[in-house]
file entry_33.txt (compact mmCIF, C-alpha atoms and all ligand atoms)
# COMPACT_ATOMS: atom_id res chain seq x y z
CA MET C 1 -44.07 -43.66 32.51
CA CYS C 2 -44.31 -40.27 33.94
CA ASN C 3 -43.02 -41.24 37.34
CA PHE C 4 -40.27 -43.27 35.84
CA LYS C 5 -38.48 -40.31 34.51
CA TYR C 6 -37.69 -39.28 38.05
CA ARG C 7 -36.80 -42.69 39.30
CA SER C 8 -34.75 -44.09 36.52
CA THR C 9 -31.38 -42.55 36.11
CA PHE C 10 -30.68 -42.71 32.45
CA ALA C 11 -34.34 -42.34 31.65
CA VAL C 12 -34.24 -38.94 33.30
CA LEU C 13 -31.63 -37.90 30.84
CA PHE C 14 -32.97 -39.55 27.76
CA MET C 15 -36.59 -38.85 28.13
CA ILE C 16 -35.58 -35.25 28.36
CA VAL C 17 -33.60 -35.37 25.18
CA GLN C 18 -35.58 -37.96 23.26
CA LEU C 19 -32.91 -39.38 21.11
CA ASN C 20 -31.59 -42.49 19.38
CA CYS C 21 -29.13 -45.33 19.60
CA ILE C 22 -28.49 -48.89 18.74
CA LEU C 23 -29.10 -51.15 21.66
CA LYS C 24 -26.82 -54.05 22.08
CA THR C 25 -28.94 -57.13 21.57
CA ASP C 26 -28.17 -60.11 23.68
CA ALA C 27 -29.91 -63.35 22.83
CA GLN C 28 -29.38 -64.60 26.35
CA GLU C 29 -31.22 -61.62 27.79
CA ASP C 30 -34.14 -62.01 25.42
CA ASN C 31 -34.74 -65.50 26.69
CA ASP C 32 -35.69 -64.24 30.11
CA LEU C 33 -38.31 -61.80 28.90
CA LYS C 34 -41.82 -63.20 28.80
CA ILE C 35 -44.22 -61.66 26.29
CA GLU C 36 -47.89 -62.65 26.29
CA VAL C 37 -50.37 -61.24 23.81
CA LEU C 38 -53.56 -60.54 25.77
CA GLN C 39 -55.50 -59.06 22.90
CA LYS C 40 -54.69 -58.98 19.22
CA SER C 41 -55.34 -56.03 16.99
CA ASP C 42 -58.25 -56.28 14.52
CA LYS C 43 -56.28 -54.63 11.81
CA CYS C 44 -52.61 -53.94 11.64
CA ASP C 45 -51.19 -51.68 8.94
CA ARG C 46 -48.00 -50.96 10.77
CA SER C 47 -46.20 -52.64 13.65
CA ALA C 48 -43.86 -50.96 16.12
CA GLN C 49 -40.20 -50.89 15.08
CA LYS C 50 -37.03 -49.47 16.52
CA GLY C 51 -37.05 -45.68 16.28
CA ASP C 52 -40.84 -45.35 16.19
CA LEU C 53 -42.59 -42.97 18.54
CA LEU C 54 -45.14 -44.94 20.54
CA SER C 55 -48.05 -43.84 22.70
CA MET C 56 -48.83 -46.50 25.27
CA HIS C 57 -51.06 -47.08 28.18
CA TYR C 58 -49.56 -49.31 30.83
CA LYS C 59 -49.94 -50.62 34.32
CA GLY C 60 -46.89 -51.86 36.20
CA THR C 61 -47.04 -54.25 39.11
CA LEU C 62 -44.57 -56.19 41.21
CA GLU C 63 -44.75 -59.95 41.54
CA ASP C 64 -46.88 -59.64 44.65
CA GLY C 65 -49.46 -57.72 42.61
CA LYS C 66 -48.63 -54.32 44.07
CA GLU C 67 -49.09 -51.58 41.47
CA PHE C 68 -46.17 -49.15 41.28
CA ASP C 69 -47.19 -47.03 38.32
CA SER C 70 -49.99 -46.66 35.81
CA SER C 71 -50.62 -44.30 32.93
CA TYR C 72 -54.35 -44.95 33.29
CA ASN C 73 -54.31 -43.01 36.55
CA ARG C 74 -53.04 -40.00 34.66
CA ASN C 75 -55.52 -40.52 31.88
CA GLU C 76 -52.85 -39.87 29.34
CA PRO C 77 -50.79 -42.36 27.33
CA PHE C 78 -47.06 -42.37 27.83
CA GLN C 79 -45.03 -41.38 24.79
CA PHE C 80 -41.49 -42.51 24.01
CA GLN C 81 -39.24 -43.65 21.19
CA LEU C 82 -38.82 -47.41 20.90
CA GLY C 83 -35.56 -49.30 20.94
CA ILE C 84 -33.13 -46.56 21.83
CA GLY C 85 -32.75 -46.75 25.59
CA GLN C 86 -35.35 -44.17 26.60
CA VAL C 87 -37.14 -46.84 28.60
CA ILE C 88 -36.06 -50.01 30.38
CA LYS C 89 -34.70 -52.78 28.14
CA GLY C 90 -37.69 -55.00 28.85
CA TRP C 91 -39.87 -52.43 27.11
CA ASP C 92 -37.48 -51.78 24.25
CA LYS C 93 -37.38 -55.49 23.51
CA GLY C 94 -40.89 -56.47 24.51
CA LEU C 95 -42.86 -54.00 22.38
CA ILE C 96 -41.26 -54.70 19.00
CA ASN C 97 -43.75 -55.71 16.28
CA MET C 98 -46.72 -54.64 18.38
CA CYS C 99 -49.79 -53.27 16.57
CA VAL C 100 -52.09 -50.41 17.53
CA GLY C 101 -54.90 -51.83 19.63
CA GLU C 102 -52.85 -54.80 20.78
CA LYS C 103 -52.45 -55.59 24.46
CA ARG C 104 -49.51 -57.46 25.92
CA ARG C 105 -48.29 -58.58 29.28
CA LEU C 106 -44.53 -58.29 29.76
CA THR C 107 -42.84 -60.12 32.59
CA ILE C 108 -39.49 -58.40 32.89
CA PRO C 109 -36.57 -59.85 34.87
CA PRO C 110 -34.49 -57.42 36.94
CA HIS C 111 -31.58 -57.20 34.50
CA LEU C 112 -33.97 -55.88 31.83
CA GLY C 113 -35.67 -53.61 34.34
CA TYR C 114 -34.09 -51.68 37.21
CA GLY C 115 -31.49 -54.29 38.11
CA ASP C 116 -29.82 -54.74 41.46
CA THR C 117 -30.51 -51.21 42.61
CA GLY C 118 -34.22 -50.87 41.91
CA ALA C 119 -35.72 -47.43 41.41
CA GLY C 120 -37.05 -44.97 43.92
CA GLU C 121 -39.21 -46.16 46.77
CA SER C 122 -41.64 -48.27 44.79
CA ILE C 123 -39.31 -50.60 42.90
CA PRO C 124 -37.11 -52.68 45.20
CA PRO C 125 -33.72 -54.12 44.22
CA LYS C 126 -33.80 -57.17 41.94
CA ALA C 127 -37.49 -56.73 41.20
CA THR C 128 -39.30 -58.63 38.47
CA LEU C 129 -41.74 -56.22 36.83
CA ILE C 130 -45.04 -57.09 35.25
CA PHE C 131 -46.43 -54.61 32.76
CA GLU C 132 -49.77 -54.77 31.03
CA VAL C 133 -49.42 -52.53 28.03
CA GLU C 134 -51.74 -51.27 25.34
CA LEU C 135 -50.44 -49.62 22.20
CA LYS C 136 -52.48 -46.54 21.26
CA LYS C 137 -50.47 -44.90 18.50
CA ILE C 138 -47.38 -45.35 16.30
CA GLU C 139 -45.68 -42.35 14.71
CA ASP C 140 -42.36 -41.72 13.01
CA GLY C 141 -39.67 -40.91 15.55
CA PRO C 142 -37.14 -38.09 15.32
CA PRO C 143 -33.82 -38.83 13.58
CA PRO C 144 -31.02 -40.32 15.68
CA VAL C 145 -28.68 -38.15 17.69
CA ASN C 146 -25.55 -39.42 19.38
CA VAL C 147 -26.09 -38.29 22.96
CA PHE C 148 -22.80 -39.71 24.18
CA LYS C 149 -20.94 -37.55 21.69
CA GLU C 150 -23.00 -34.51 22.68
CA ILE C 151 -22.18 -34.95 26.35
CA ASP C 152 -18.51 -35.76 25.83
CA ALA C 153 -17.39 -32.16 25.46
CA ASN C 154 -13.64 -32.90 25.44
CA SER C 155 -14.04 -35.95 23.16
CA ASP C 156 -11.97 -38.31 25.33
CA ASN C 157 -14.63 -41.02 25.04
CA GLN C 158 -15.43 -40.77 28.77
CA LEU C 159 -18.14 -38.78 30.48
CA SER C 160 -17.17 -36.92 33.62
CA ARG C 161 -19.58 -35.59 36.23
CA GLU C 162 -18.82 -32.10 34.99
CA GLU C 163 -19.72 -33.00 31.41
CA VAL C 164 -22.97 -34.68 32.40
CA SER C 165 -23.79 -31.75 34.65
CA GLU C 166 -23.13 -29.22 31.89
CA TYR C 167 -25.27 -31.21 29.50
CA LEU C 168 -28.15 -31.38 31.94
CA LYS C 169 -27.91 -27.69 32.58
CA LYS C 170 -28.65 -27.17 28.89
CA GLN C 171 -31.42 -29.78 28.78
CA LEU C 172 -33.39 -28.97 31.91
CA PRO C 173 -34.84 -25.65 30.77
CA GLU C 174 -36.06 -27.40 27.63
CA ALA C 175 -37.59 -30.16 29.69
CA GLU C 176 -39.36 -27.62 31.88
CA ALA C 177 -40.51 -25.71 28.83
CA ALA C 178 -41.92 -28.99 27.50
CA GLY C 179 -44.08 -29.20 30.58
CA MET C 180 -42.09 -31.53 32.83
CA LYS C 181 -42.64 -30.55 36.39
CA ASP C 182 -41.04 -31.37 39.71
CA LEU C 183 -37.77 -32.40 38.16
CA PRO C 184 -35.29 -33.44 40.80
CA ASP C 185 -32.30 -31.38 41.71
CA GLN C 186 -29.64 -31.42 39.01
CA ASP C 187 -26.87 -32.74 41.27
CA LYS C 188 -29.15 -35.51 42.33
CA ILE C 189 -29.83 -36.49 38.73
CA VAL C 190 -26.09 -36.56 38.04
CA GLU C 191 -25.46 -38.77 41.07
CA GLU C 192 -28.24 -41.11 40.04
CA ILE C 193 -26.93 -41.34 36.52
CA PHE C 194 -23.47 -42.22 37.80
CA GLN C 195 -24.86 -44.75 40.21
CA HIS C 196 -26.42 -46.67 37.33
CA GLU C 197 -24.07 -45.96 34.48
CA ASP C 198 -20.60 -45.89 36.03
CA GLN C 199 -20.42 -49.61 36.52
CA ASP C 200 -16.78 -49.86 37.56
CA LYS C 201 -17.16 -46.78 39.81
CA ASN C 202 -14.10 -45.00 38.50
CA GLY C 203 -15.94 -41.70 38.35
CA LEU C 204 -16.26 -41.73 34.57
CA ILE C 205 -18.85 -43.22 32.25
CA SER C 206 -17.12 -44.96 29.39
CA HIS C 207 -18.65 -45.39 25.95
CA LYS C 208 -19.12 -49.07 26.76
CA GLU C 209 -20.84 -48.35 30.09
CA PHE C 210 -23.16 -45.72 28.66
CA SER C 211 -26.61 -47.25 28.17
CA GLY C 212 -28.13 -44.41 26.20
CA PRO C 213 -27.93 -43.22 22.60
CA LYS C 214 -24.32 -43.40 21.53
CA HIS C 215 -24.25 -44.26 17.85
CA ASP C 216 -24.64 -42.10 14.80
CA GLU C 217 -26.98 -44.53 13.06
CA LEU C 218 -30.26 -45.92 14.24
CA CA S 1 -15.12 -36.50 28.31
CA CA S 2 -16.63 -46.12 34.61
call {"tool": "encode", "arguments": {"input": "entry_33.txt", "output": "structure tokens", "more": "lines below"}}
Ligand SMILES: [Ca+2]
Ligand SMILES: [Ca+2]
result
Amino acid sequence: MCNFKYRSTFAVLFMIVQLNCILKTDAQEDNDLKIEVLQKSDKCDRSAQKGDLLSMHYKGTLEDGKEFDSSYNRNEPFQFQLGIGQVIKGWDKGLINMCVGEKRRLTIPPHLGYGDTGAGESIPPKATLIFEVELKKIEDGPPPVNVFKEIDANSDNQLSREEVSEYLKKQLPEAEAAGMKDLPDQDKIVEEIFQHEDQDKNGLISHKEFSGPKHDEL
């Protein structure tokens, strides 16, 4: 989801750092996610589990059929770690147990996608997202790192703008070195992160609000 990393707040941060967490599972939320298997895999030695590094091809459309992003256009699968908040929840939940070669269609309600705010110009507020995905590769993911703890420099269990900003300052050169181009302005990333993560708008991201990796165990 190359373009996603610029549009999605927390994804900007976490795709840069590529780390781990336990996602809160909510049975209610799972009910709204529709998973259709379009093509089964001929042979399946290993299925995708939380913490695995996946290479996927995908095409994302809105309900009206308008395509907003596709890895096929870039001719390169998208790589991310499953189940740890690097991607939208609909992906983290909808790709579990998938086999290499399998194709699925995920119909993702807004609260498991980009929510009430949407993302960038192509994903409007409260959008239902339809992804056709194809799993190309499963590899072992890196060990978990508690990103919340790393950002929370003064250990008060809250993330301030300054702390997030400092953290990004350290991460951005690495991201650029890893070949990410056209990263948005750092202040803009911070503002976007706060827009999504600081739910009660008190200027701090609490441990509870933080949607990214925040536990020491996978
Ligand atoms: Ca703090
Ligand atoms: Ca807050």
call {"tool": "closest_atom_pairs", "arguments": {"input": "entry_33.txt", "of": "region 62-84 of chain C", "to": "region 113-121 of chain C", "cutoff": "12 Å", "atoms": "all atoms listed in the file", "output": "Markdown table"}}
result
| residue | atom | partner | partner_atom | distance |
| --- | --- | --- | --- | --- |
| C:Leu62 | CA | C:Gly113 | CA | 11.5 |
| C:Phe68 | CA | C:Glu121 | CA | 9.4 |
| C:Asp69 | CA | C:Glu121 | CA | 11.7 |
call {"tool": "atom_distance", "arguments": {"input": "entry_33.txt", "atom1": "CA of Pro213 (chain C)", "atom2": "CA of Gln186 (chain C)"}}
result
20.3 Å
call {"tool": "atom_distance", "arguments": {"input": "entry_33.txt", "atom1": "CA of Ser41 (chain C)", "atom2": "CA of Gly141 (chain C)"}}
result
21.8 Å
call {"tool": "closest_residue", "arguments": {"input": "entry_33.txt", "among": "C:Ile123, C:Ser165, C:Gln158, C:Pro173", "to": "ligand CA 2 (chain S)", "atoms": "only C-alpha atoms and all ligand atoms"}}
result
C:Gln158
call {"tool": "atom_distance", "arguments": {"input": "entry_33.txt", "atom1": "CA of Ile205 (chain C)", "atom2": "CA of Ile151 (chain C)"}}
result
10.7 Å
call {"tool": "residues_near_point", "arguments": {"input": "entry_33.txt", "point": "(-54.7, -42.6, 28.2)", "cutoff": "9 Å", "atoms": "only C-alpha atoms", "output": "PyMOL selection string"}}
result
chain C and resi 55-58+71-78+136
call {"tool": "closest_residue", "arguments": {"input": "entry_33.txt", "among": "C:Gln195, C:Asn97, C:Ser122, C:Thr128", "to": "Pro110 (chain C)", "atoms": "all atoms listed in the file"}}
result
C:Thr128
call {"tool": "closest_atom_pairs", "arguments": {"input": "entry_33.txt", "of": "chain C", "to": "ligand CA 1 (chain S)", "cutoff": "10 Å", "atoms": "all atoms listed in the file", "output": "Markdown table"}}
result
| residue | atom | partner | partner_atom | distance |
| --- | --- | --- | --- | --- |
| C:Phe148 | CA | S:CA1 | CA | 9.3 |
| C:Lys149 | CA | S:CA1 | CA | 8.9 |
| C:Glu150 | CA | S:CA1 | CA | 9.9 |
| C:Ile151 | CA | S:CA1 | CA | 7.5 |
| C:Asp152 | CA | S:CA1 | CA | 4.3 |
| C:Ala153 | CA | S:CA1 | CA | 5.7 |
| C:Asn154 | CA | S:CA1 | CA | 4.8 |
| C:Ser155 | CA | S:CA1 | CA | 5.3 |
| C:Asp156 | CA | S:CA1 | CA | 4.7 |
| C:Asn157 | CA | S:CA1 | CA | 5.6 |
| C:Gln158 | CA | S:CA1 | CA | 4.3 |
| C:Leu159 | CA | S:CA1 | CA | 4.4 |
| C:Ser160 | CA | S:CA1 | CA | 5.7 |
| C:Arg161 | CA | S:CA1 | CA | 9.1 |
| C:Glu162 | CA | S:CA1 | CA | 8.8 |
| C:Glu163 | CA | S:CA1 | CA | 6.6 |
| C:Val164 | CA | S:CA1 | CA | 9.0 |
| C:Leu204 | CA | S:CA1 | CA | 8.2 |
| C:Ile205 | CA | S:CA1 | CA | 8.6 |
| C:Ser206 | CA | S:CA1 | CA | 8.8 |
| C:His207 | CA | S:CA1 | CA | 9.9 |
call {"tool": "closest_residue", "arguments": {"input": "entry_33.txt", "among": "C:Ala48, C:Ile193, C:Ile108, C:Cys99", "to": "ligand CA 2 (chain S)", "atoms": "only C-alpha atoms and all ligand atoms"}}
result
C:Ile193
call {"tool": "closest_residue", "arguments": {"input": "entry_33.txt", "among": "C:Gly179, C:Pro142, C:Pro109, C:Gly203", "to": "ligand CA 2 (chain S)", "atoms": "all atoms listed in the file"}}
result
C:Gly203
call {"tool": "residues_around", "arguments": {"input": "entry_33.txt", "residues": "Asp52 (chain C)", "least_positions_apart": "5", "cutoff": "8 Å", "atoms": "all atoms listed in the file", "output": "number ranges by chain"}}
result
C: 81-82, 138-141
call {"tool": "closest_residue", "arguments": {"input": "entry_33.txt", "among": "C:Lys208, C:His215, C:Lys137, C:Lys188", "to": "Arg46 (chain C)", "atoms": "all atoms listed in the file"}}
result
C:Lys137
call {"tool": "closest_residue", "arguments": {"input": "entry_33.txt", "among": "C:Asn202, C:Gln86, C:Gln49, C:Thr61", "to": "ligand CA 2 (chain S)", "atoms": "all atoms listed in the file"}}
result
C:Asn202
call {"tool": "decode", "arguments": {"input": "entry_33.txt", "residues": "region 87-126 of chain C", "atoms": "N, CA and C atoms", "output": "compact mmCIF listing (two decimals), in the first residue's frame"}}
result
# COMPACT_ATOMS: atom_id res chain seq x y z
N VAL C 87 -1.10 -1.86 9.19
CA VAL C 87 -2.10 -1.62 8.15
C VAL C 87 -3.46 -1.43 8.83
N ILE C 88 -4.47 -1.11 8.05
CA ILE C 88 -5.80 -0.93 8.64
C ILE C 88 -6.27 -2.24 9.27
N LYS C 89 -7.16 -2.11 10.26
CA LYS C 89 -7.62 -3.28 11.01
C LYS C 89 -8.28 -4.32 10.10
N GLY C 90 -8.99 -3.85 9.09
CA GLY C 90 -9.66 -4.78 8.17
C GLY C 90 -8.68 -5.73 7.51
N TRP C 91 -7.47 -5.25 7.27
CA TRP C 91 -6.42 -6.12 6.72
C TRP C 91 -5.86 -7.03 7.80
N ASP C 92 -5.54 -6.46 8.94
CA ASP C 92 -4.96 -7.25 10.02
C ASP C 92 -5.87 -8.42 10.39
N LYS C 93 -7.17 -8.19 10.34
CA LYS C 93 -8.11 -9.26 10.70
C LYS C 93 -8.46 -10.13 9.51
N GLY C 94 -8.51 -9.54 8.33
CA GLY C 94 -9.06 -10.24 7.18
C GLY C 94 -8.08 -11.14 6.44
N LEU C 95 -6.80 -11.08 6.81
CA LEU C 95 -5.79 -11.86 6.08
C LEU C 95 -5.26 -13.03 6.87
N ILE C 96 -5.73 -13.16 8.10
CA ILE C 96 -5.29 -14.27 8.97
C ILE C 96 -5.66 -15.60 8.30
N ASN C 97 -4.77 -16.56 8.45
CA ASN C 97 -4.95 -17.93 7.91
C ASN C 97 -4.96 -18.01 6.39
N MET C 98 -4.52 -16.97 5.73
CA MET C 98 -4.49 -17.00 4.27
C MET C 98 -3.25 -17.77 3.81
N CYS C 99 -3.37 -18.45 2.67
CA CYS C 99 -2.25 -19.22 2.13
C CYS C 99 -1.66 -18.52 0.91
N VAL C 100 -0.40 -18.83 0.63
CA VAL C 100 0.23 -18.27 -0.58
C VAL C 100 -0.53 -18.77 -1.80
N GLY C 101 -0.85 -17.85 -2.69
CA GLY C 101 -1.61 -18.22 -3.89
C GLY C 101 -3.10 -17.98 -3.74
N GLU C 102 -3.53 -17.80 -2.50
CA GLU C 102 -4.96 -17.57 -2.27
C GLU C 102 -5.36 -16.13 -2.62
N LYS C 103 -6.59 -16.00 -3.10
CA LYS C 103 -7.13 -14.67 -3.36
C LYS C 103 -8.40 -14.46 -2.53
N ARG C 104 -8.50 -13.29 -1.96
CA ARG C 104 -9.69 -12.97 -1.16
C ARG C 104 -10.24 -11.61 -1.54
N ARG C 105 -11.52 -11.45 -1.28
CA ARG C 105 -12.11 -10.12 -1.35
C ARG C 105 -12.55 -9.72 0.06
N LEU C 106 -12.02 -8.59 0.53
CA LEU C 106 -12.38 -8.08 1.85
C LEU C 106 -13.30 -6.88 1.68
N THR C 107 -14.43 -6.92 2.33
CA THR C 107 -15.29 -5.74 2.36
C THR C 107 -15.20 -5.17 3.76
N ILE C 108 -14.58 -4.01 3.85
CA ILE C 108 -14.15 -3.46 5.14
C ILE C 108 -14.99 -2.25 5.53
N PRO C 109 -15.72 -2.34 6.64
CA PRO C 109 -16.51 -1.20 7.08
C PRO C 109 -15.59 -0.07 7.57
N PRO C 110 -16.10 1.15 7.59
CA PRO C 110 -15.26 2.31 7.93
C PRO C 110 -14.48 2.16 9.23
N HIS C 111 -15.11 1.59 10.27
CA HIS C 111 -14.40 1.56 11.57
C HIS C 111 -13.23 0.59 11.55
N LEU C 112 -13.13 -0.26 10.54
CA LEU C 112 -11.95 -1.12 10.39
C LEU C 112 -11.05 -0.63 9.26
N GLY C 113 -11.44 0.55 8.72
CA GLY C 113 -10.65 1.14 7.64
C GLY C 113 -10.14 2.50 8.08
N TYR C 114 -10.60 3.56 7.41
CA TYR C 114 -10.11 4.90 7.74
C TYR C 114 -11.14 5.74 8.49
N GLY C 115 -12.19 5.08 8.98
CA GLY C 115 -13.10 5.71 9.93
C GLY C 115 -13.83 6.94 9.43
N ASP C 116 -14.15 7.81 10.39
CA ASP C 116 -14.95 8.99 10.09
C ASP C 116 -14.17 10.05 9.32
N THR C 117 -12.85 9.96 9.37
CA THR C 117 -12.07 11.02 8.72
C THR C 117 -11.68 10.68 7.29
N GLY C 118 -11.63 9.40 6.95
CA GLY C 118 -11.14 9.04 5.62
C GLY C 118 -9.64 9.19 5.55
N ALA C 119 -9.09 9.20 4.35
CA ALA C 119 -7.64 9.34 4.20
C ALA C 119 -7.33 10.00 2.88
N GLY C 120 -6.63 11.12 2.98
CA GLY C 120 -6.21 11.82 1.77
C GLY C 120 -7.38 12.23 0.91
N GLU C 121 -7.13 12.37 -0.37
CA GLU C 121 -8.18 12.84 -1.27
C GLU C 121 -9.00 11.69 -1.82
N SER C 122 -8.43 10.47 -1.80
CA SER C 122 -9.14 9.40 -2.50
C SER C 122 -10.05 8.56 -1.62
N ILE C 123 -9.90 8.66 -0.30
CA ILE C 123 -10.79 7.88 0.57
C ILE C 123 -11.64 8.84 1.42
N PRO C 124 -12.92 8.95 1.07
CA PRO C 124 -13.79 9.89 1.78
C PRO C 124 -14.11 9.42 3.19
N PRO C 125 -14.63 10.32 4.03
CA PRO C 125 -15.05 9.92 5.37
C PRO C 125 -16.07 8.78 5.31
N LYS C 126 -16.02 7.93 6.32
CA LYS C 126 -16.99 6.83 6.48
C LYS C 126 -17.07 5.90 5.26
